[in-house]
file coords-v5.txt (compact mmCIF, C-alpha atoms and all ligand atoms)
# COMPACT_ATOMS: atom_id res chain seq x y z
CA MET A 250 176.33 41.85 172.13
CA THR A 251 176.00 38.10 172.52
CA ASP A 252 173.36 38.51 175.29
CA PRO A 253 170.32 39.40 173.15
CA VAL A 254 171.31 36.68 170.69
CA ARG A 255 171.64 34.13 173.48
CA HIS A 256 168.12 35.09 174.52
CA TRP A 257 166.81 34.65 170.95
CA VAL A 258 168.45 31.23 170.73
CA ARG A 259 167.15 30.10 174.11
CA SER A 260 163.58 31.11 173.36
CA ALA A 261 163.54 29.78 169.77
CA SER A 262 161.59 26.60 169.07
CA ARG A 263 163.17 26.28 165.64
CA ILE A 264 166.74 27.24 164.89
CA ALA A 265 168.32 27.10 161.46
CA VAL A 266 172.11 27.27 161.10
CA LEU A 267 173.77 27.98 157.76
CA THR A 268 177.50 27.36 157.70
CA GLY A 269 180.27 28.11 155.20
CA ALA A 270 183.99 27.60 154.88
CA GLY A 271 184.84 29.86 157.86
CA MET A 272 183.19 27.25 160.10
CA SER A 273 186.16 24.97 159.47
CA ALA A 274 188.88 27.65 159.47
CA GLU A 275 189.78 26.96 163.09
CA SER A 276 190.13 23.26 162.25
CA GLY A 277 192.89 24.29 159.84
CA VAL A 278 190.97 24.11 156.54
CA PRO A 279 191.70 27.21 154.45
CA THR A 280 188.46 28.97 153.43
CA PHE A 281 187.36 28.74 149.83
CA ARG A 282 188.41 32.24 148.90
CA ASP A 283 191.56 32.39 151.00
CA ALA A 284 194.79 32.61 149.08
CA GLN A 285 195.80 29.04 148.26
CA THR A 286 199.18 27.86 149.30
CA GLY A 287 202.03 25.96 147.71
CA LEU A 288 201.59 24.45 144.27
CA TRP A 289 198.03 25.67 143.94
CA ALA A 290 198.61 29.34 144.81
CA LYS A 291 198.33 30.47 141.21
CA PHE A 292 194.95 28.84 140.57
CA ASP A 293 191.61 30.48 141.32
CA PRO A 294 189.32 27.95 143.08
CA GLN A 295 186.39 29.44 141.24
CA GLN A 296 188.05 28.46 137.94
CA LEU A 297 188.79 24.90 139.12
CA ALA A 298 185.41 24.03 140.61
CA THR A 299 183.51 23.69 137.33
CA GLU A 300 182.55 20.90 134.96
CA HIS A 301 184.20 22.87 132.18
CA ALA A 302 187.55 22.87 134.01
CA PHE A 303 187.28 19.14 134.76
CA ARG A 304 186.53 18.24 131.14
CA ALA A 305 189.37 20.46 129.93
CA ASN A 306 191.91 19.15 132.43
CA PRO A 307 190.58 16.24 134.49
CA LYS A 308 193.97 15.36 135.96
CA MET A 309 194.59 18.86 137.30
CA VAL A 310 191.14 19.25 138.85
CA TRP A 311 191.25 15.72 140.32
CA ASP A 312 194.69 16.46 141.81
CA TRP A 313 193.39 19.70 143.36
CA TYR A 314 190.53 17.86 145.05
CA ALA A 315 192.92 15.08 146.13
CA PHE A 316 195.10 17.74 147.75
CA ARG A 317 192.09 19.14 149.62
CA ARG A 318 190.90 15.64 150.62
CA ASP A 319 194.34 14.88 152.09
CA LEU A 320 194.35 18.14 153.99
CA ILE A 321 190.82 17.66 155.37
CA ALA A 322 191.48 14.03 156.34
CA LYS A 323 194.19 15.28 158.71
CA VAL A 324 192.09 17.83 160.64
CA GLU A 325 189.49 17.52 163.39
CA PRO A 326 186.12 19.17 164.04
CA ASN A 327 186.51 22.28 166.22
CA ALA A 328 184.61 23.56 169.27
CA GLY A 329 182.02 25.19 166.99
CA HIS A 330 181.20 21.94 165.17
CA ARG A 331 181.03 20.17 168.52
CA ALA A 332 178.74 22.81 170.08
CA LEU A 333 176.23 22.41 167.22
CA ALA A 334 176.24 18.62 167.49
CA ALA A 335 175.89 18.73 171.28
CA PHE A 336 172.95 21.16 171.05
CA SER A 337 171.15 18.84 168.61
CA ARG A 338 171.71 15.90 170.92
CA ARG A 339 170.32 17.82 173.90
CA HIS A 340 167.39 19.26 171.89
CA PRO A 341 166.34 16.72 169.26
CA GLY A 342 164.46 18.26 166.34
CA ARG A 343 165.03 21.87 167.36
CA LEU A 344 168.02 22.76 165.16
CA THR A 345 168.39 22.26 161.41
CA LEU A 346 171.97 22.41 160.23
CA ILE A 347 172.53 23.50 156.63
CA THR A 348 176.09 23.52 155.35
CA GLN A 349 177.85 24.63 152.20
CA ASN A 350 180.93 22.74 153.35
CA VAL A 351 182.02 19.54 151.66
CA ASP A 352 184.53 18.60 154.36
CA GLY A 353 182.27 16.35 156.47
CA LEU A 354 183.42 17.95 159.73
CA HIS A 355 179.87 18.58 160.99
CA GLN A 356 179.06 14.91 160.42
CA ARG A 357 182.31 13.82 162.12
CA ALA A 358 181.40 16.00 165.12
CA GLY A 359 178.12 14.07 165.38
CA SER A 360 175.62 16.28 163.50
CA GLU A 361 173.83 13.44 161.77
CA GLY A 362 171.10 15.24 159.89
CA ALA A 363 173.25 18.02 158.41
CA LEU A 364 171.93 19.15 155.01
CA ALA A 365 175.02 19.17 152.80
CA LEU A 366 174.02 21.56 150.01
CA HIS A 367 177.30 21.27 148.11
CA GLY A 368 177.97 17.54 148.46
CA ASN A 369 180.82 15.58 150.01
CA ILE A 370 184.45 15.80 148.92
CA PHE A 371 185.14 12.21 150.04
CA GLU A 372 182.60 10.70 147.63
CA ASP A 373 182.87 10.27 143.88
CA LYS A 374 180.28 10.05 141.14
CA TRP A 375 180.35 9.50 137.37
CA LEU A 376 180.94 12.53 135.17
CA ASP A 377 178.49 11.33 132.51
CA THR A 378 175.32 9.32 133.01
CA PRO A 379 176.66 5.88 133.96
CA GLY A 380 176.00 2.89 131.74
CA ALA A 381 175.56 -0.68 133.00
CA CYS A 382 179.34 -1.08 132.65
CA CYS A 383 180.16 1.76 135.07
CA ASN A 384 181.04 0.24 138.43
CA ALA A 385 182.94 2.58 140.74
CA ASP A 386 184.50 -0.32 142.65
CA ALA A 387 185.95 -1.70 139.44
CA ALA A 388 187.12 1.64 138.00
CA VAL A 389 190.62 1.71 136.52
CA ALA A 390 192.87 3.36 139.10
CA ASP A 391 194.17 6.45 137.34
CA THR A 392 194.00 10.22 137.80
CA PRO A 393 191.03 10.39 137.67
CA PRO A 394 189.79 6.77 137.79
CA TYR A 395 187.70 5.71 134.79
CA CYS A 396 185.44 2.94 133.54
CA GLY A 397 187.56 0.45 131.63
CA ARG A 398 184.69 -0.30 129.21
CA CYS A 399 183.34 3.11 128.21
CA GLY A 400 185.91 5.60 129.53
CA ASN A 401 183.46 7.50 131.76
CA LEU A 402 185.41 9.41 134.41
CA LEU A 403 184.85 9.51 138.14
CA ARG A 404 184.68 13.04 139.63
CA PRO A 405 184.28 14.36 143.16
CA ALA A 406 180.64 14.35 144.32
CA VAL A 407 180.61 18.07 145.04
CA VAL A 408 178.39 20.73 143.49
CA TRP A 409 180.38 22.79 141.00
CA PHE A 410 179.63 26.33 139.90
CA GLY A 411 176.71 26.27 137.50
CA GLU A 412 175.34 22.94 138.79
CA ALA A 413 172.05 22.33 140.57
CA LEU A 414 172.02 21.65 144.29
CA PRO A 415 170.64 18.32 145.55
CA ALA A 416 166.90 18.97 145.35
CA ARG A 417 165.83 17.24 148.54
CA ALA A 418 168.47 18.91 150.73
CA LEU A 419 167.69 22.31 149.21
CA ALA A 420 163.94 21.88 149.77
CA ALA A 421 164.54 20.88 153.40
CA ALA A 422 166.85 23.88 153.86
CA GLU A 423 164.25 26.23 152.39
CA ALA A 424 161.60 24.82 154.69
CA ALA A 425 163.89 25.29 157.70
CA ALA A 426 164.53 28.91 156.69
CA ASN A 427 160.82 29.57 156.22
CA GLU A 428 159.96 28.14 159.62
CA CYS A 429 162.83 29.26 161.82
CA ASP A 430 162.65 31.65 164.75
CA VAL A 431 166.40 32.30 164.51
CA MET A 432 168.96 31.65 161.79
CA LEU A 433 172.66 31.65 162.61
CA VAL A 434 174.76 32.37 159.51
CA VAL A 435 178.27 31.21 160.33
CA GLY A 436 181.50 31.64 158.39
CA THR A 437 180.14 32.33 154.94
CA SER A 438 180.93 35.25 152.67
CA GLY A 439 177.32 35.03 151.44
CA VAL A 440 178.15 35.38 147.77
CA VAL A 441 177.11 31.96 146.46
CA TYR A 442 173.41 31.40 145.70
CA PRO A 443 171.03 29.73 146.30
CA ALA A 444 172.65 29.02 149.71
CA ALA A 445 173.08 32.70 150.56
CA GLY A 446 169.43 33.32 149.65
CA LEU A 447 168.35 31.21 152.62
CA ALA A 448 169.48 34.02 154.94
CA ARG A 449 167.42 36.51 152.94
CA THR A 450 164.24 34.43 153.20
CA ALA A 451 164.64 33.40 156.85
CA ALA A 452 161.41 33.95 158.75
CA GLY A 453 163.14 34.65 162.08
CA LYS A 454 165.98 36.77 163.40
CA VAL A 455 169.14 36.51 161.33
CA VAL A 456 172.45 36.47 163.19
CA ILE A 457 175.78 36.67 161.32
CA ILE A 458 178.85 35.15 162.97
CA ASN A 459 181.95 36.19 161.07
CA PRO A 460 185.12 38.14 161.89
CA GLU A 461 184.79 40.04 158.58
CA PRO A 462 181.99 41.91 156.81
CA THR A 463 179.82 39.73 154.54
CA GLU A 464 177.41 40.25 151.67
CA LEU A 465 174.57 39.27 154.02
CA ASP A 466 175.20 41.80 156.79
CA ASP A 467 172.38 44.00 155.45
CA ALA A 468 169.91 41.14 156.04
CA ALA A 469 171.00 40.63 159.66
CA ASP A 470 169.26 41.50 162.90
CA ALA A 471 172.61 41.11 164.67
CA VAL A 472 176.18 40.83 163.45
CA LEU A 473 178.66 39.17 165.79
CA ARG A 474 182.21 39.92 164.70
CA GLY A 475 183.97 36.85 165.98
CA ARG A 476 185.08 33.33 165.26
CA ALA A 477 182.81 30.32 165.00
CA ALA A 478 184.69 28.11 167.45
CA GLN A 479 184.63 30.85 170.05
CA LEU A 480 181.06 32.17 169.67
CA LEU A 481 178.97 29.04 168.95
CA PRO A 482 179.76 27.36 172.28
CA LEU A 483 178.73 30.59 174.06
CA LEU A 484 175.49 30.98 172.12
CA LEU A 485 174.43 27.34 172.29
CA GLU A 486 175.10 26.48 175.94
CA ASP A 487 171.95 25.92 178.00
P1 LIG B 1 184.23 31.76 151.58
O1 LIG B 1 185.65 31.30 151.48
O2 LIG B 1 183.66 32.58 150.48
O3 LIG B 1 184.03 32.61 152.91
C1 LIG B 1 184.54 32.21 154.14
C2 LIG B 1 184.02 33.16 155.17
O4 LIG B 1 184.44 32.68 156.44
C3 LIG B 1 184.54 34.60 155.06
O5 LIG B 1 183.44 35.48 155.15
C4 LIG B 1 185.48 34.75 156.26
O6 LIG B 1 185.47 36.08 156.79
C5 LIG B 1 184.81 33.78 157.25
N1 LIG B 1 185.68 33.27 158.32
C6 LIG B 1 187.02 33.05 158.31
N2 LIG B 1 187.42 32.54 159.48
C7 LIG B 1 186.33 32.40 160.26
C8 LIG B 1 186.09 31.91 161.58
N3 LIG B 1 187.08 31.44 162.34
N4 LIG B 1 184.82 31.93 162.06
C9 LIG B 1 183.81 32.41 161.31
N5 LIG B 1 183.98 32.88 160.05
C10 LIG B 1 185.21 32.87 159.52
O7 LIG B 1 183.38 30.44 151.84
P2 LIG B 1 181.83 30.17 151.64
O8 LIG B 1 181.01 31.37 151.94
O9 LIG B 1 181.54 28.91 152.34
O10 LIG B 1 181.03 26.00 147.03
O11 LIG B 1 181.76 29.89 150.10
C11 LIG B 1 180.54 29.40 149.60
C12 LIG B 1 180.78 28.41 148.55
O12 LIG B 1 181.62 28.98 147.57
C13 LIG B 1 181.55 27.18 148.98
O13 LIG B 1 180.72 26.20 149.56
C14 LIG B 1 182.08 26.70 147.67
C15 LIG B 1 182.29 27.98 146.89
O14 LIG B 1 181.67 27.97 145.72
C16 LIG B 1 181.37 24.96 146.26
O15 LIG B 1 182.48 24.46 146.20
C17 LIG B 1 180.22 24.45 145.51
call {"tool": "encode", "arguments": {"input": "coords-v5.txt", "output": "structure tokens"}}
result
Amino acid sequence: MTDPVRHWVRSASRIAVLTGAGMSAESGVPTFRDAQTGLWAKFDPQQLATEHAFRANPKMVWDWYAFRRDLIAKVEPNAGHRALAAFSRRHPGRLTLITQNVDGLHQRAGSEGALALHGNIFEDKWLDTPGACCNADAAVADTPPYCGRCGNLLRPAVVWFGEALPARALAAAEAAANECDVMLVVGTSGVVYPAAGLARTAAGKVVIINPEPTELDDAADAVLRGRAAQLLPLLLED
């Protein structure tokens, strides 16, 4: 089954790759919708990843992201991340990498131009529009840190449910989808829009790489039931 897809990839001038949490599963990062472990098992990530939840309980939401930051800081990019970065190095300008992941593993593997649609878990930003007094370097160290003058809180620089995606990254991702000959859709359940919509508007062949069924399988020209770290190196070798 990988043979026709390998052929599509080899003959494509423009390849778009859309990745989700499953991309990092083999690095040891639990996927977004996987049962959470330990202290956090009873919380639904979808309930925590909102501005409403942060305003209601900033300490709890900050602690949850701190827990995920600590976990991600300890893992390494896997063979799938590395295969994507190596392909881009060998073929400059041919592959556009679009990711819903906030873990930075594509960037750590060397994929410099990755379009991070949902932000970066290792960066912070102000919850409310910052005033002249808001200086992140001088924030009062607390959980979460805050501006000692006006009380504005720092929050993780990720896109929460109900928030807009970074406009420039989304526009570039849409352009890549509109122009691609092949789109690889890797490790995403395909339930969160607008990211999932990119697979539905892709101009070229759509290939799903996922061990489980996804909401995007009906839009696919090929579905490869396998793991990212195993299949991407096979599909992307010259
Ligand atoms: P999900 O947790 O919804 O889905 C993870 C997908 O990865 C599932 O379809 C799994 O079957 C698949 N998977 C698991 N292991 C895999 C492996 N080794 N190789 C390939 N696939 C594997 O994560 P996303 O689809 O990324 O956004 O979720 C999308 C967004 O929902 C996230 O970016 C997050 C959340 O809202 C924000 O936080 C803004």
call {"tool": "closest_atom_pairs", "arguments": {"input": "coords-v5.txt", "of": "chain A", "to": "ligand LIG 1 (chain B)", "cutoff": "9 Å", "atoms": "all atoms listed in the file", "output": "tab-separated table"}}
result
residue	atom	partner	partner_atom	distance
A:Thr268	CA	B:LIG1	O9	6.9
A:Gly269	CA	B:LIG1	O9	3.2
A:Ala270	CA	B:LIG1	O9	3.8
A:Gly271	CA	B:LIG1	O4	3.2
A:Met272	CA	B:LIG1	N4	5.3
A:Ser273	CA	B:LIG1	N3	7.1
A:Ala274	CA	B:LIG1	N3	5.1
A:Glu275	CA	B:LIG1	N3	5.3
A:Ser276	CA	B:LIG1	N3	8.7
A:Pro279	CA	B:LIG1	O1	7.9
A:Thr280	CA	B:LIG1	O1	4.1
A:Phe281	CA	B:LIG1	O1	3.5
A:Arg282	CA	B:LIG1	O1	3.9
A:Asp283	CA	B:LIG1	O1	6.0
A:Pro294	CA	B:LIG1	C15	8.0
A:Gln295	CA	B:LIG1	O14	6.7
A:Ala298	CA	B:LIG1	O15	6.3
A:Thr299	CA	B:LIG1	C17	8.8
A:Gly329	CA	B:LIG1	N4	8.8
A:Thr348	CA	B:LIG1	O13	7.9
A:Gln349	CA	B:LIG1	O13	4.2
A:Asn350	CA	B:LIG1	O13	5.1
A:Val351	CA	B:LIG1	O13	7.1
A:Leu366	CA	B:LIG1	O13	8.2
A:His367	CA	B:LIG1	C17	5.0
A:Gly368	CA	B:LIG1	C17	7.8
A:Val407	CA	B:LIG1	C17	6.4
A:Val408	CA	B:LIG1	C17	4.6
A:Trp409	CA	B:LIG1	C17	4.8
A:Phe410	CA	B:LIG1	C17	5.9
A:Gly411	CA	B:LIG1	C17	8.9
A:Glu412	CA	B:LIG1	C17	8.4
A:Leu414	CA	B:LIG1	C17	8.8
A:Val435	CA	B:LIG1	C9	5.8
A:Gly436	CA	B:LIG1	N5	3.2
A:Thr437	CA	B:LIG1	O8	3.3
A:Ser438	CA	B:LIG1	O5	3.5
A:Gly439	CA	B:LIG1	O8	5.2
A:Val440	CA	B:LIG1	O8	6.5
A:Val441	CA	B:LIG1	C11	5.3
A:Tyr442	CA	B:LIG1	C11	8.4
A:Ala444	CA	B:LIG1	C11	7.9
A:Ala445	CA	B:LIG1	O8	8.2
A:Ile458	CA	B:LIG1	C9	5.9
A:Asn459	CA	B:LIG1	N5	4.0
A:Pro460	CA	B:LIG1	O6	5.5
A:Glu461	CA	B:LIG1	O6	4.4
A:Pro462	CA	B:LIG1	O6	6.8
A:Thr463	CA	B:LIG1	O5	5.6
A:Glu464	CA	B:LIG1	O5	8.4
A:Arg474	CA	B:LIG1	C9	8.4
A:Gly475	CA	B:LIG1	N4	6.3
A:Arg476	CA	B:LIG1	N4	3.5
A:Ala477	CA	B:LIG1	N4	3.9
A:Ala478	CA	B:LIG1	N3	6.6
A:Gln479	CA	B:LIG1	N4	8.1
A:Leu480	CA	B:LIG1	N4	8.5
call {"tool": "closest_residue", "arguments": {"input": "coords-v5.txt", "among": "A:Ala334, A:Leu483, A:Ala448, A:Asn369", "to": "Asp470 of chain A", "atoms": "only C-alpha atoms"}}
result
A:Ala448
call {"tool": "atom_distance", "arguments": {"input": "coords-v5.txt", "atom1": "atom CA of Asp487 of chain A", "atom2": "atom CA of Ala468 of chain A"}}
result
26.8 Å
call {"tool": "atom_distance", "arguments": {"input": "coords-v5.txt", "atom1": "atom CA of Ala469 of chain A", "atom2": "atom CA of Leu267 of chain A"}}
result
13.1 Å
call {"tool": "closest_residue", "arguments": {"input": "coords-v5.txt", "among": "A:Thr450, A:Asn401, A:Ala358, A:Leu433", "to": "Leu484 of chain A", "atoms": "all atoms listed in the file"}}
result
A:Leu433
